[in-house]
>>> print(open('my_file.cif').read())   # mmCIF, C-alpha atoms
data_final
#
loop_
_atom_site.label_atom_id
_atom_site.label_comp_id
_atom_site.auth_asym_id
_atom_site.auth_seq_id
_atom_site.Cartn_x
_atom_site.Cartn_y
_atom_site.Cartn_z
CA MET A 1 98.28 116.71 80.80
CA LEU A 2 95.74 113.88 81.19
CA SER A 3 95.51 112.02 84.50
CA VAL A 4 96.91 108.51 84.27
CA MET A 5 93.97 107.11 86.25
CA TRP A 6 91.27 107.64 83.64
CA THR A 7 90.25 104.14 82.64
CA THR A 8 88.97 105.40 79.29
CA ILE A 9 91.39 104.59 76.46
CA GLY A 10 91.62 107.19 73.72
CA GLN A 11 88.94 109.95 73.67
CA LYS A 12 91.60 112.60 74.41
CA ARG A 13 89.30 115.50 73.56
CA ALA A 14 86.57 114.37 75.96
CA LEU A 15 89.01 113.70 78.81
CA GLU A 16 90.69 117.09 78.38
CA LEU A 17 87.29 118.78 78.46
CA PHE A 18 86.43 116.99 81.73
CA GLU A 19 89.78 117.76 83.33
CA ASN A 20 89.57 121.44 82.41
CA SER A 21 86.08 121.76 83.88
CA LEU A 22 87.15 119.94 87.05
CA ARG A 23 90.16 122.19 87.50
CA ARG A 24 87.90 125.24 87.22
CA GLY A 25 85.39 123.66 89.58
CA ARG A 26 82.63 124.08 87.00
CA PRO A 27 81.57 120.73 85.57
CA GLY A 28 78.60 120.71 83.24
CA ARG A 29 75.20 119.80 84.66
CA ALA A 30 74.23 117.56 81.72
CA TYR A 31 76.36 115.78 79.12
CA LEU A 32 75.32 113.88 75.99
CA LEU A 33 77.86 111.23 74.99
CA VAL A 34 77.33 110.24 71.36
CA GLY A 35 78.91 107.26 69.61
CA PRO A 36 78.31 103.75 68.25
CA ALA A 37 77.67 100.81 70.56
CA HIS A 38 80.71 99.62 72.53
CA VAL A 39 82.83 102.66 71.70
CA GLY A 40 83.33 103.45 75.41
CA LYS A 41 80.43 105.71 76.43
CA MET A 42 79.65 103.91 79.70
CA THR A 43 83.33 103.71 80.66
CA LEU A 44 83.71 107.44 80.09
CA ALA A 45 80.54 108.19 82.08
CA ARG A 46 81.78 106.14 85.04
CA ASP A 47 85.17 107.86 84.81
CA LEU A 48 83.43 111.22 85.10
CA ALA A 49 81.43 109.96 88.09
CA MET A 50 84.67 108.83 89.73
CA ALA A 51 86.31 112.20 89.07
CA LEU A 52 83.36 114.11 90.54
CA ASN A 53 83.36 112.00 93.71
CA CYS A 54 87.06 111.20 94.16
CA GLN A 55 88.29 111.68 97.75
CA ARG A 56 91.88 112.57 96.82
CA GLY A 57 93.54 115.62 95.32
CA VAL A 58 93.91 114.70 91.63
CA PRO A 59 90.74 112.97 90.43
CA PRO A 60 90.10 110.29 89.56
CA CYS A 61 92.65 108.43 91.66
CA GLY A 62 91.06 105.02 91.09
CA GLU A 63 92.16 103.92 94.56
CA CYS A 64 90.02 105.72 97.15
CA ALA A 65 86.87 104.09 98.54
CA SER A 66 84.64 106.25 96.36
CA CYS A 67 86.48 105.43 93.11
CA ARG A 68 86.51 101.73 93.92
CA ARG A 69 82.79 101.66 94.72
CA ILE A 70 81.91 103.50 91.51
CA SER A 71 84.12 101.16 89.51
CA ALA A 72 82.31 98.20 91.11
CA ALA A 73 78.90 99.82 90.44
CA THR A 74 78.03 99.86 94.18
CA HIS A 75 78.14 103.62 94.92
CA SER A 76 74.75 104.87 96.13
CA ASP A 77 75.13 108.30 94.47
CA VAL A 78 75.87 106.93 90.97
CA GLN A 79 72.85 105.42 89.27
CA VAL A 80 72.39 103.92 85.81
CA ILE A 81 68.94 104.20 84.23
CA GLY A 82 68.28 101.92 81.27
CA LEU A 83 66.03 99.15 80.04
CA GLY A 84 64.97 96.88 82.85
CA LYS A 85 62.01 94.60 83.48
CA ASN A 86 58.41 95.57 84.08
CA ALA A 87 56.44 94.57 87.19
CA ASP A 88 55.29 91.45 85.35
CA GLY A 89 58.87 90.43 84.60
CA LYS A 90 58.86 91.33 80.91
CA GLN A 91 61.76 93.18 79.32
CA GLN A 92 61.11 96.88 78.78
CA THR A 93 61.24 98.22 75.23
CA GLU A 94 61.54 101.86 76.30
CA ILE A 95 62.60 103.92 79.29
CA GLY A 96 59.31 105.02 80.80
CA ILE A 97 58.15 108.07 82.71
CA GLU A 98 58.16 106.18 86.02
CA ASP A 99 61.89 105.52 85.61
CA ILE A 100 62.50 109.26 85.20
CA ARG A 101 60.20 110.19 88.09
CA GLN A 102 62.11 107.85 90.40
CA MET A 103 65.34 109.44 89.19
CA GLN A 104 63.92 112.92 89.84
CA HIS A 105 62.94 111.96 93.38
CA SER A 106 66.48 110.73 94.04
CA ALA A 107 67.99 113.83 92.41
CA ASN A 108 66.09 116.07 94.84
CA LEU A 109 67.81 114.40 97.79
CA PRO A 110 71.36 115.37 98.85
CA PRO A 111 74.26 113.01 98.08
CA PHE A 112 74.36 110.12 100.54
CA GLU A 113 78.03 109.12 100.53
CA GLY A 114 79.73 111.26 97.89
CA LYS A 115 80.08 114.86 96.78
CA CYS A 116 77.91 114.66 93.68
CA LYS A 117 75.03 112.57 92.40
CA VAL A 118 75.53 111.24 88.88
CA PHE A 119 72.68 109.80 86.84
CA ILE A 120 73.70 107.88 83.71
CA ILE A 121 70.90 107.27 81.20
CA ASP A 122 72.05 104.36 79.04
CA GLY A 123 70.34 104.31 75.64
CA ALA A 124 68.79 107.76 75.96
CA GLU A 125 67.19 107.36 72.51
CA LEU A 126 64.91 104.76 74.13
CA LEU A 127 63.19 107.37 76.32
CA SER A 128 59.45 107.44 75.73
CA ILE A 129 57.99 110.79 74.69
CA GLU A 130 56.51 111.25 78.15
CA ALA A 131 59.81 110.32 79.82
CA ALA A 132 61.78 112.70 77.60
CA ASN A 133 59.41 115.57 78.40
CA CYS A 134 59.64 114.76 82.10
CA LEU A 135 63.45 114.67 81.91
CA LEU A 136 63.47 118.02 80.11
CA LYS A 137 62.05 119.77 83.17
CA THR A 138 64.85 118.39 85.33
CA LEU A 139 67.55 119.34 82.82
CA GLU A 140 66.26 122.94 82.77
CA GLU A 141 66.78 123.43 86.51
CA PRO A 142 69.34 120.89 87.76
CA ALA A 143 70.43 120.82 91.39
CA PRO A 144 74.03 122.04 91.99
CA THR A 145 75.12 118.61 93.29
CA VAL A 146 73.66 116.61 90.38
CA VAL A 147 75.15 115.73 86.98
CA PHE A 148 73.25 113.91 84.23
CA VAL A 149 75.07 111.88 81.58
CA LEU A 150 73.00 110.68 78.61
CA LEU A 151 74.47 107.95 76.40
CA THR A 152 73.20 107.39 72.87
CA ALA A 153 74.14 105.57 69.68
CA LYS A 154 71.21 107.16 67.81
CA GLU A 155 71.23 110.84 68.56
CA GLU A 156 68.71 111.55 65.80
CA LEU A 157 66.00 109.77 67.82
CA LEU A 158 66.35 112.14 70.77
CA PRO A 159 64.12 115.24 70.98
CA LEU A 160 66.06 118.36 70.00
CA THR A 161 64.89 120.03 73.19
CA VAL A 162 66.72 117.39 75.25
CA VAL A 163 69.86 117.56 73.09
CA SER A 164 69.94 121.37 73.40
CA ARG A 165 70.06 121.16 77.22
CA CYS A 166 73.17 118.96 77.19
CA GLN A 167 76.84 119.52 76.47
CA ARG A 168 77.35 117.24 73.48
CA ILE A 169 80.51 115.11 73.27
CA GLU A 170 81.04 112.81 70.32
CA LEU A 171 83.28 109.84 71.00
CA ALA A 172 85.80 108.95 68.31
CA LEU A 173 86.51 105.47 66.98
CA LEU A 174 89.84 104.15 68.22
CA PRO A 175 92.64 103.62 65.64
CA SER A 176 93.21 99.89 65.19
CA ALA A 177 96.85 100.13 66.29
CA GLN A 178 95.83 101.75 69.57
CA ALA A 179 93.09 99.17 70.14
CA GLU A 180 95.57 96.38 69.40
CA SER A 181 98.06 97.76 71.93
CA ALA A 182 95.36 98.14 74.58
CA LEU A 183 94.20 94.54 74.12
CA ILE A 184 97.77 93.26 74.51
CA GLU A 185 98.83 95.49 77.40
CA LYS A 186 95.64 95.78 79.49
CA TRP A 187 93.80 92.54 78.70
CA SER A 188 96.81 90.30 77.95
CA VAL A 189 95.46 89.19 74.59
CA GLU A 190 97.87 87.22 72.40
CA PRO A 191 99.28 89.59 69.72
CA GLN A 192 97.95 87.76 66.65
CA ARG A 193 94.45 87.60 68.11
CA ALA A 194 94.65 91.21 69.32
CA ARG A 195 95.50 92.34 65.80
CA LEU A 196 92.49 90.51 64.36
CA LEU A 197 90.04 91.74 67.01
CA ALA A 198 91.29 95.31 66.72
CA ARG A 199 90.60 95.26 62.97
CA LEU A 200 87.22 93.54 63.33
CA SER A 201 86.09 96.01 66.01
CA HIS A 202 86.22 99.00 63.63
CA GLY A 203 87.42 101.24 66.44
CA ARG A 204 84.99 99.99 69.14
CA LEU A 205 87.31 98.84 71.92
CA GLY A 206 84.44 97.60 74.10
CA TRP A 207 83.37 95.31 71.28
CA ALA A 208 86.91 93.96 70.93
CA VAL A 209 87.14 93.26 74.67
CA ASN A 210 83.79 91.42 74.63
CA ALA A 211 85.07 89.33 71.72
CA THR A 212 88.25 88.14 73.44
CA ASP A 213 86.71 84.87 74.61
CA GLN A 214 87.45 81.76 72.56
CA GLY A 215 83.76 81.01 72.07
CA TRP A 216 83.22 84.26 70.21
CA LEU A 217 86.23 83.64 67.96
CA ASP A 218 85.03 80.10 67.20
CA ARG A 219 81.63 81.47 66.13
CA HIS A 220 83.30 84.14 64.01
CA ASN A 221 85.44 81.53 62.27
CA GLU A 222 82.33 79.43 61.59
CA ASP A 223 80.50 82.45 60.15
CA THR A 224 83.48 83.31 57.95
CA ASP A 225 83.77 79.71 56.72
CA GLU A 226 80.04 79.82 55.92
CA LEU A 227 80.53 83.11 54.07
CA ILE A 228 83.25 81.64 51.88
CA ALA A 229 81.22 78.48 51.24
CA THR A 230 78.26 80.60 50.15
CA ILE A 231 80.37 82.62 47.72
CA GLU A 232 81.77 79.40 46.27
CA GLY A 233 78.50 77.49 46.35
CA ASP A 234 75.96 76.65 43.68
CA LEU A 235 72.54 78.29 43.39
CA GLU A 236 70.87 75.66 45.55
CA SER A 237 73.25 76.21 48.46
CA ARG A 238 72.99 79.98 48.09
CA PHE A 239 69.21 79.94 48.21
CA ALA A 240 69.38 77.65 51.24
CA TYR A 241 71.63 80.20 52.93
CA ALA A 242 69.19 83.01 52.07
CA ALA A 243 66.34 80.98 53.59
CA GLN A 244 68.42 80.36 56.71
CA LEU A 245 69.14 84.10 57.11
CA ALA A 246 65.47 84.95 56.54
CA THR A 247 64.51 82.62 59.39
CA GLU A 248 67.18 84.15 61.63
CA PHE A 249 65.93 87.62 60.69
CA SER A 250 62.49 86.84 62.11
CA GLN A 251 64.19 86.05 65.43
CA SER A 252 66.96 88.66 65.54
CA ARG A 253 67.32 91.44 63.01
CA ASP A 254 70.60 92.59 64.53
CA ALA A 255 72.18 89.14 64.14
CA VAL A 256 71.44 89.09 60.40
CA GLN A 257 72.69 92.64 59.97
CA GLU A 258 75.92 91.56 61.68
CA LYS A 259 76.31 88.64 59.26
CA LEU A 260 75.77 90.96 56.32
CA GLY A 261 78.35 93.23 57.92
CA LEU A 262 80.81 90.34 57.67
CA PHE A 263 80.12 90.16 53.94
CA LEU A 264 80.67 93.91 53.63
CA ASP A 265 84.01 93.67 55.45
CA TRP A 266 84.98 90.70 53.30
CA TRP A 267 84.34 92.37 49.96
CA HIS A 268 86.00 95.56 51.13
CA ASP A 269 89.06 93.47 52.03
CA VAL A 270 89.01 91.83 48.59
CA LEU A 271 88.92 95.31 47.07
CA LEU A 272 91.91 96.41 49.16
CA VAL A 273 93.92 93.34 48.18
CA LYS A 274 93.00 93.90 44.53
CA ALA A 275 94.31 97.47 44.86
CA GLY A 276 97.55 96.32 46.49
CA LEU A 277 96.59 97.54 49.98
CA GLY A 278 96.57 94.21 51.76
CA ASP A 279 98.10 95.68 54.94
CA ALA A 280 94.82 97.52 55.60
CA VAL A 281 92.44 94.52 55.53
CA VAL A 282 90.18 93.59 58.44
CA ASN A 283 90.33 89.79 58.03
CA VAL A 284 94.08 89.55 58.59
CA ASP A 285 93.75 85.81 59.32
CA ARG A 286 92.33 85.07 55.84
CA MET A 287 94.88 86.53 53.47
CA GLU A 288 95.04 83.44 51.25
CA PRO A 289 91.33 83.27 50.34
CA LEU A 290 91.18 87.05 50.01
CA GLY A 291 94.09 86.94 47.58
CA SER A 292 92.49 84.16 45.54
CA MET A 293 89.23 86.07 45.18
CA ALA A 294 91.00 89.31 44.36
CA THR A 295 92.86 87.51 41.57
CA GLY A 296 89.73 85.82 40.20
CA LEU A 297 87.46 88.88 40.11
CA SER A 298 87.55 92.24 38.37
CA LEU A 299 87.22 95.54 40.20
CA GLU A 300 83.75 95.98 38.75
CA GLU A 301 82.64 92.56 40.04
CA ILE A 302 83.97 93.36 43.51
CA ARG A 303 82.16 96.72 43.51
CA SER A 304 78.95 94.94 42.48
CA CYS A 305 79.30 92.57 45.43
CA ILE A 306 79.71 95.50 47.83
CA ALA A 307 76.65 97.18 46.31
CA ALA A 308 74.61 93.97 46.71
CA VAL A 309 75.42 93.75 50.42
CA GLU A 310 74.64 97.42 51.03
CA ALA A 311 71.35 97.12 49.15
CA ALA A 312 70.28 94.10 51.21
CA ARG A 313 71.11 95.82 54.51
CA THR A 314 69.16 98.92 53.48
CA GLN A 315 66.14 96.93 52.31
CA LEU A 316 66.00 94.94 55.55
CA LYS A 317 66.13 98.16 57.58
CA GLN A 318 63.21 99.44 55.49
CA ASN A 319 61.14 96.32 56.33
CA ALA A 320 61.26 94.83 52.84
CA ASN A 321 60.37 91.16 52.40
CA ALA A 322 63.37 89.52 54.10
CA ARG A 323 63.38 86.30 52.07
CA LEU A 324 63.18 88.19 48.75
CA ALA A 325 65.83 90.75 49.73
CA LEU A 326 68.24 88.03 50.82
CA GLU A 327 67.66 85.93 47.70
CA VAL A 328 68.44 88.96 45.54
CA PHE A 329 71.55 89.47 47.68
CA VAL A 330 72.93 85.94 47.11
CA LEU A 331 72.21 86.27 43.39
CA GLY A 332 74.38 89.39 43.43
CA LEU A 333 77.43 87.34 44.43
CA PRO A 334 79.91 86.37 41.70
CA GLY A 335 78.51 83.85 39.22
CA VAL A 336 78.65 80.19 40.20
CA GLY A 337 81.99 78.74 39.24
CA ARG A 338 83.62 82.15 38.68
CA THR A 339 85.73 82.19 41.85
CA THR A 340 88.67 79.97 42.74
CA LYS A 341 87.97 77.46 45.53
CA VAL A 342 89.59 79.04 48.52
CA SER A 343 88.14 77.36 51.62
CA GLY A 344 90.52 76.98 54.51
CA ALA A 345 90.63 77.18 58.26
CA SER A 346 91.51 80.38 59.99
CA GLY A 347 95.07 80.92 61.07
CA VAL A 348 93.97 82.23 64.46
CA ASP A 349 92.96 79.70 67.14
#
>>> encode(input="my_file.cif", output="structure tokens")
Amino acid sequence: MLSVMWTTIGQKRALELFENSLRRGRPGRAYLLVGPAHVGKMTLARDLAMALNCQRGVPPCGECASCRRISAATHSDVQVIGLGKNADGKQQTEIGIEDIRQMQHSANLPPFEGKCKVFIIDGAELLSIEAANCLLKTLEEPAPTVVFVLLTAKEELLPLTVVSRCQRIELALLPSAQAESALIEKWSVEPQRARLLARLSHGRLGWAVNATDQGWLDRHNEDTDELIATIEGDLESRFAYAAQLATEFSQSRDAVQEKLGLFLDWWHDVLLVKAGLGDAVVNVDRMEPLGSMATGLSLEEIRSCIAAVEAARTQLKQNANARLALEVFVLGLPGVGRTTKVSGASGVD
């Protein structure tokens, strides 16, 4: 039976694995937690650190001094290694060999205030080649009071030699109903908003929690209104939107990919409504415009829209000309004048 003090929500398989190893007194020396951004990897890593250092009988208690300090990120024996700033104040683009050497030096010292040292490498795929090779030597002969936890959203970028030295745990996406309940019960989110955020998160509870502030929801509503206006707009407005996205792409590729992700969710929702599966849509606050588009378009047209979004996202990832790829994308939307005018404010404040 799982301890009630794990702060991780869901991830039953991973928690059972940790509890079984703790009961046997044989935790792994190195773990690799794999999953998309904001799925809960850091929360799970900190939970493990709490369990390994808990001062009471059934870890993690969440109440002892050790658990509280780890939860507050102030425990001297639990360190997070990730992207920081260089000596000149510039943001790092990779985790360098000096970061790993400093970690190795600390790992060779006994725990200062706890029972076990835990080193969490956040974004392990960002290790430089030299850093990964340096880490490999430590993973091959870890000290008995040290546990390494590597977090990655892009496992394929890690050297196989590093992956092979770790116990791999893949984190599952959370069912939307479970995410919705967690938002209501633990973060006191209003039910209607919790339902929307749970759907939009696609199983990434951390993402949903980060999006609970009103500012995020306002921006999302603006982006969705802009999406609808683009679908309804004439060629001039569509090309203006493509130019706007191309400019944004030069500043933040991830931001444009997220906007295209909104289009992908939208057309998938239209497809679901067209198929009579409206209860499964992501944009639960926009049922009226979704219904209007589903009525005005054929299945083949909806599939073509989905294909156009996917093609644009792929081309941008492959460093195609952004302006051209986005112009082709907006031309792949339903023909001007084909869709019913459906603009309207969101039903969620």
>>> resolve_selection(input="my_file.cif", expression="the PyMOL selection byres ((chain A and resi 140) around 10)", output="list in words")
Arg29, Ala30, Leu135, Leu136, Lys137, Thr138, Leu139, Glu141, Pro142, Ala143, Val162, Arg165 and Cys166 of chain A
>>> atom_distance(input="my_file.cif", atom1="CA of Ile81 in chain A", atom2="CA of Ala124 in chain A")
9.0 Å
>>> closest_atom_pairs(input="my_file.cif", of="range 159-229 of chain A", to="range 38-47 of chain A", cutoff="7 Å", atoms="only C-alpha atoms", output="JSON lines")
{"residue": "A:Leu173", "atom": "CA", "partner": "A:Val39", "partner_atom": "CA", "distance": 6.6}
{"residue": "A:Arg204", "atom": "CA", "partner": "A:Val39", "partner_atom": "CA", "distance": 4.3}
{"residue": "A:Leu205", "atom": "CA", "partner": "A:Val39", "partner_atom": "CA", "distance": 5.9}
{"residue": "A:Gly206", "atom": "CA", "partner": "A:His38", "partner_atom": "CA", "distance": 4.5}
{"residue": "A:Trp207", "atom": "CA", "partner": "A:His38", "partner_atom": "CA", "distance": 5.2}
>>> atom_distance(input="my_file.cif", atom1="CA of Tyr31 in chain A", atom2="CA of Gln91 in chain A")
26.9 Å
>>> atom_distance(input="my_file.cif", atom1="CA of Ala194 in chain A", atom2="CA of Ala179 in chain A")
8.2 Å
>>> residues_around(input="my_file.cif", residues="Gly28 in chain A", least_positions_apart="2", cutoff="10 Å", atoms="all atoms listed in the file", output="number ranges by chain")
A: 18, 21-22, 25-26, 30-31, 144, 146-149, 166-167
>>> residues_around(input="my_file.cif", residues="range 195-200 of chain A", least_positions_apart="3", cutoff="12 Å", atoms="all atoms listed in the file", output="mmCIF file with C-alpha atoms, in the frame of the given file")
data_model
loop_
_atom_site.group_PDB
_atom_site.id
_atom_site.type_symbol
_atom_site.label_atom_id
_atom_site.label_comp_id
_atom_site.auth_asym_id
_atom_site.auth_seq_id
_atom_site.Cartn_x
_atom_site.Cartn_y
_atom_site.Cartn_z
ATOM 1 C CA LEU A 173 86.510 105.470 66.980
ATOM 2 C CA LEU A 174 89.840 104.150 68.220
ATOM 3 C CA PRO A 175 92.640 103.620 65.640
ATOM 4 C CA SER A 176 93.210 99.890 65.190
ATOM 5 C CA ALA A 177 96.850 100.130 66.290
ATOM 6 C CA GLN A 178 95.830 101.750 69.570
ATOM 7 C CA ALA A 179 93.090 99.170 70.140
ATOM 8 C CA GLU A 180 95.570 96.380 69.400
ATOM 9 C CA SER A 181 98.060 97.760 71.930
ATOM 10 C CA ALA A 182 95.360 98.140 74.580
ATOM 11 C CA LEU A 183 94.200 94.540 74.120
ATOM 12 C CA ILE A 184 97.770 93.260 74.510
ATOM 13 C CA VAL A 189 95.460 89.190 74.590
ATOM 14 C CA GLU A 190 97.870 87.220 72.400
ATOM 15 C CA PRO A 191 99.280 89.590 69.720
ATOM 16 C CA GLN A 192 97.950 87.760 66.650
ATOM 17 C CA GLY A 203 87.420 101.240 66.440
ATOM 18 C CA ARG A 204 84.990 99.990 69.140
ATOM 19 C CA LEU A 205 87.310 98.840 71.920
ATOM 20 C CA GLY A 206 84.440 97.600 74.100
ATOM 21 C CA TRP A 207 83.370 95.310 71.280
ATOM 22 C CA ALA A 208 86.910 93.960 70.930
ATOM 23 C CA VAL A 209 87.140 93.260 74.670
ATOM 24 C CA ASN A 210 83.790 91.420 74.630
ATOM 25 C CA ALA A 211 85.070 89.330 71.720
ATOM 26 C CA THR A 212 88.250 88.140 73.440
ATOM 27 C CA ASP A 213 86.710 84.870 74.610
ATOM 28 C CA GLN A 214 87.450 81.760 72.560
ATOM 29 C CA TRP A 216 83.220 84.260 70.210
ATOM 30 C CA LEU A 217 86.230 83.640 67.960
ATOM 31 C CA HIS A 220 83.300 84.140 64.010
ATOM 32 C CA ASN A 221 85.440 81.530 62.270
ATOM 33 C CA GLU A 258 75.920 91.560 61.680
ATOM 34 C CA GLY A 261 78.350 93.230 57.920
ATOM 35 C CA LEU A 262 80.810 90.340 57.670
ATOM 36 C CA LEU A 264 80.670 93.910 53.630
ATOM 37 C CA ASP A 265 84.010 93.670 55.450
ATOM 38 C CA TRP A 266 84.980 90.700 53.300
ATOM 39 C CA ASP A 269 89.060 93.470 52.030
ATOM 40 C CA ASP A 279 98.100 95.680 54.940
ATOM 41 C CA ALA A 280 94.820 97.520 55.600
ATOM 42 C CA VAL A 281 92.440 94.520 55.530
ATOM 43 C CA VAL A 282 90.180 93.590 58.440
ATOM 44 C CA ASN A 283 90.330 89.790 58.030
ATOM 45 C CA VAL A 284 94.080 89.550 58.590
ATOM 46 C CA ASP A 285 93.750 85.810 59.320
ATOM 47 C CA ARG A 286 92.330 85.070 55.840
ATOM 48 C CA MET A 287 94.880 86.530 53.470
ATOM 49 C CA SER A 346 91.510 80.380 59.990
ATOM 50 C CA GLY A 347 95.070 80.920 61.070
ATOM 51 C CA VAL A 348 93.970 82.230 64.460
ATOM 52 C CA ASP A 349 92.960 79.700 67.140
#
>>> residues_around(input="my_file.cif", residues="Leu271 in chain A", least_positions_apart="2", cutoff="12 Å", atoms="only C-alpha atoms", output="PyMOL selection string")
chain A and resi 264-269+273-278+280-282+290-306
>>> resolve_selection(input="my_file.cif", expression="the PyMOL selection byres ((chain A and resi 97-111) around 8)", output="PyMOL selection string")
chain A and resi 77+81+95-96+112-117+119+128+130-132+134-135+138+143+145-146
>>> write_last_selection(input="my_file.cif", atoms="C-alpha atoms", output="PDB file, in the frame of the given file")
ATOM      1  CA  ASP A  77      75.130 108.300  94.470  1.00  0.00           C
ATOM      2  CA  ILE A  81      68.940 104.200  84.230  1.00  0.00           C
ATOM      3  CA  ILE A  95      62.600 103.920  79.290  1.00  0.00           C
ATOM      4  CA  GLY A  96      59.310 105.020  80.800  1.00  0.00           C
ATOM      5  CA  PHE A 112      74.360 110.120 100.540  1.00  0.00           C
ATOM      6  CA  GLU A 113      78.030 109.120 100.530  1.00  0.00           C
ATOM      7  CA  GLY A 114      79.730 111.260  97.890  1.00  0.00           C
ATOM      8  CA  LYS A 115      80.080 114.860  96.780  1.00  0.00           C
ATOM      9  CA  CYS A 116      77.910 114.660  93.680  1.00  0.00           C
ATOM     10  CA  LYS A 117      75.030 112.570  92.400  1.00  0.00           C
ATOM     11  CA  PHE A 119      72.680 109.800  86.840  1.00  0.00           C
ATOM     12  CA  SER A 128      59.450 107.440  75.730  1.00  0.00           C
ATOM     13  CA  GLU A 130      56.510 111.250  78.150  1.00  0.00           C
ATOM     14  CA  ALA A 131      59.810 110.320  79.820  1.00  0.00           C
ATOM     15  CA  ALA A 132      61.780 112.700  77.600  1.00  0.00           C
ATOM     16  CA  CYS A 134      59.640 114.760  82.100  1.00  0.00           C
ATOM     17  CA  LEU A 135      63.450 114.670  81.910  1.00  0.00           C
ATOM     18  CA  THR A 138      64.850 118.390  85.330  1.00  0.00           C
ATOM     19  CA  ALA A 143      70.430 120.820  91.390  1.00  0.00           C
ATOM     20  CA  THR A 145      75.120 118.610  93.290  1.00  0.00           C
ATOM     21  CA  VAL A 146      73.660 116.610  90.380  1.00  0.00           C
TER      22      VAL A 146
END
>>> axis_aligned_box(input="my_file.cif", around="range 270-280 of chain A", padding_each_side="3 Å", output="AutoDock Vina command-line options")
--center_x 93.5 --center_y 94.7 --center_z 50.1 --size_x 15.2 --size_y 11.7 --size_z 17.1
>>> residues_near_point(input="my_file.cif", point="(80.1, 79.2, 53.6)", cutoff="12 Å", atoms="only C-alpha atoms", output="mmCIF file with C-alpha atoms, in the frame of the given file")
data_model
loop_
_atom_site.group_PDB
_atom_site.id
_atom_site.type_symbol
_atom_site.label_atom_id
_atom_site.label_comp_id
_atom_site.auth_asym_id
_atom_site.auth_seq_id
_atom_site.Cartn_x
_atom_site.Cartn_y
_atom_site.Cartn_z
ATOM 1 C CA HIS A 220 83.300 84.140 64.010
ATOM 2 C CA ASN A 221 85.440 81.530 62.270
ATOM 3 C CA GLU A 222 82.330 79.430 61.590
ATOM 4 C CA ASP A 223 80.500 82.450 60.150
ATOM 5 C CA THR A 224 83.480 83.310 57.950
ATOM 6 C CA ASP A 225 83.770 79.710 56.720
ATOM 7 C CA GLU A 226 80.040 79.820 55.920
ATOM 8 C CA LEU A 227 80.530 83.110 54.070
ATOM 9 C CA ILE A 228 83.250 81.640 51.880
ATOM 10 C CA ALA A 229 81.220 78.480 51.240
ATOM 11 C CA THR A 230 78.260 80.600 50.150
ATOM 12 C CA ILE A 231 80.370 82.620 47.720
ATOM 13 C CA GLU A 232 81.770 79.400 46.270
ATOM 14 C CA GLY A 233 78.500 77.490 46.350
ATOM 15 C CA ASP A 234 75.960 76.650 43.680
ATOM 16 C CA SER A 237 73.250 76.210 48.460
ATOM 17 C CA ARG A 238 72.990 79.980 48.090
ATOM 18 C CA ALA A 240 69.380 77.650 51.240
ATOM 19 C CA TYR A 241 71.630 80.200 52.930
ATOM 20 C CA ALA A 242 69.190 83.010 52.070
ATOM 21 C CA LYS A 259 76.310 88.640 59.260
ATOM 22 C CA LEU A 262 80.810 90.340 57.670
ATOM 23 C CA PHE A 263 80.120 90.160 53.940
ATOM 24 C CA VAL A 330 72.930 85.940 47.110
ATOM 25 C CA LYS A 341 87.970 77.460 45.530
ATOM 26 C CA VAL A 342 89.590 79.040 48.520
ATOM 27 C CA SER A 343 88.140 77.360 51.620
ATOM 28 C CA GLY A 344 90.520 76.980 54.510
ATOM 29 C CA ALA A 345 90.630 77.180 58.260
#
>>> resolve_selection(input="my_file.cif", expression="the PyMOL selection byres ((chain A and resi 58-73) around 8)", output="PyMOL selection string")
chain A and resi 3+5-6+46-47+49-57+74-75+78+114
>>> closest_residue(input="my_file.cif", among="A:Arg323, A:Arg193, A:Arg24, A:Lys317", to="Glu248 in chain A", atoms="all atoms listed in the file")
A:Arg323
>>> residues_around(input="my_file.cif", residues="range 310-314 of chain A", least_positions_apart="3", cutoff="8 Å", atoms="all atoms listed in the file", output="compact mmCIF listing (two decimals) with C-alpha atoms, keeping the file's coordinate frame")
# COMPACT_ATOMS: atom_id res chain seq x y z
CA GLN A 257 72.69 92.64 59.97
CA LEU A 260 75.77 90.96 56.32
CA LEU A 264 80.67 93.91 53.63
CA ILE A 306 79.71 95.50 47.83
CA ALA A 307 76.65 97.18 46.31
CA LYS A 317 66.13 98.16 57.58
CA GLN A 318 63.21 99.44 55.49
CA ALA A 325 65.83 90.75 49.73
CA LEU A 326 68.24 88.03 50.82
CA VAL A 328 68.44 88.96 45.54
CA PHE A 329 71.55 89.47 47.68
>>> closest_residue(input="my_file.cif", among="A:Arg13, A:Lys85, A:Lys186, A:His202", to="Ala37 in chain A", atoms="all atoms listed in the file")
A:His202
>>> residues_around(input="my_file.cif", residues="Ser250 in chain A", least_positions_apart="6", cutoff="12 Å", atoms="all atoms listed in the file", output="PyMOL selection string")
chain A and resi 243-244+256-257+316+319+321-323
>>> decode(input="my_file.cif", residues="range 195-207 of chain A", atoms="C-alpha atoms", output="mmCIF file, in the first residue's frame")
data_model
loop_
_atom_site.group_PDB
_atom_site.id
_atom_site.type_symbol
_atom_site.label_atom_id
_atom_site.label_comp_id
_atom_site.auth_asym_id
_atom_site.auth_seq_id
_atom_site.Cartn_x
_atom_site.Cartn_y
_atom_site.Cartn_z
ATOM 1 C CA ARG A 195 -11.790 20.796 -15.967
ATOM 2 C CA LEU A 196 -10.422 23.041 -18.725
ATOM 3 C CA LEU A 197 -6.841 23.048 -17.422
ATOM 4 C CA ALA A 198 -6.864 19.282 -16.912
ATOM 5 C CA ARG A 199 -7.869 18.782 -20.550
ATOM 6 C CA LEU A 200 -5.396 21.359 -21.885
ATOM 7 C CA SER A 201 -2.520 19.850 -19.879
ATOM 8 C CA HIS A 202 -2.655 16.530 -21.762
ATOM 9 C CA GLY A 203 -1.778 14.649 -18.589
ATOM 10 C CA ARG A 204 1.004 16.996 -17.380
ATOM 11 C CA LEU A 205 -0.175 18.022 -13.922
ATOM 12 C CA GLY A 206 2.766 20.377 -13.371
ATOM 13 C CA TRP A 207 1.764 22.263 -16.493
#
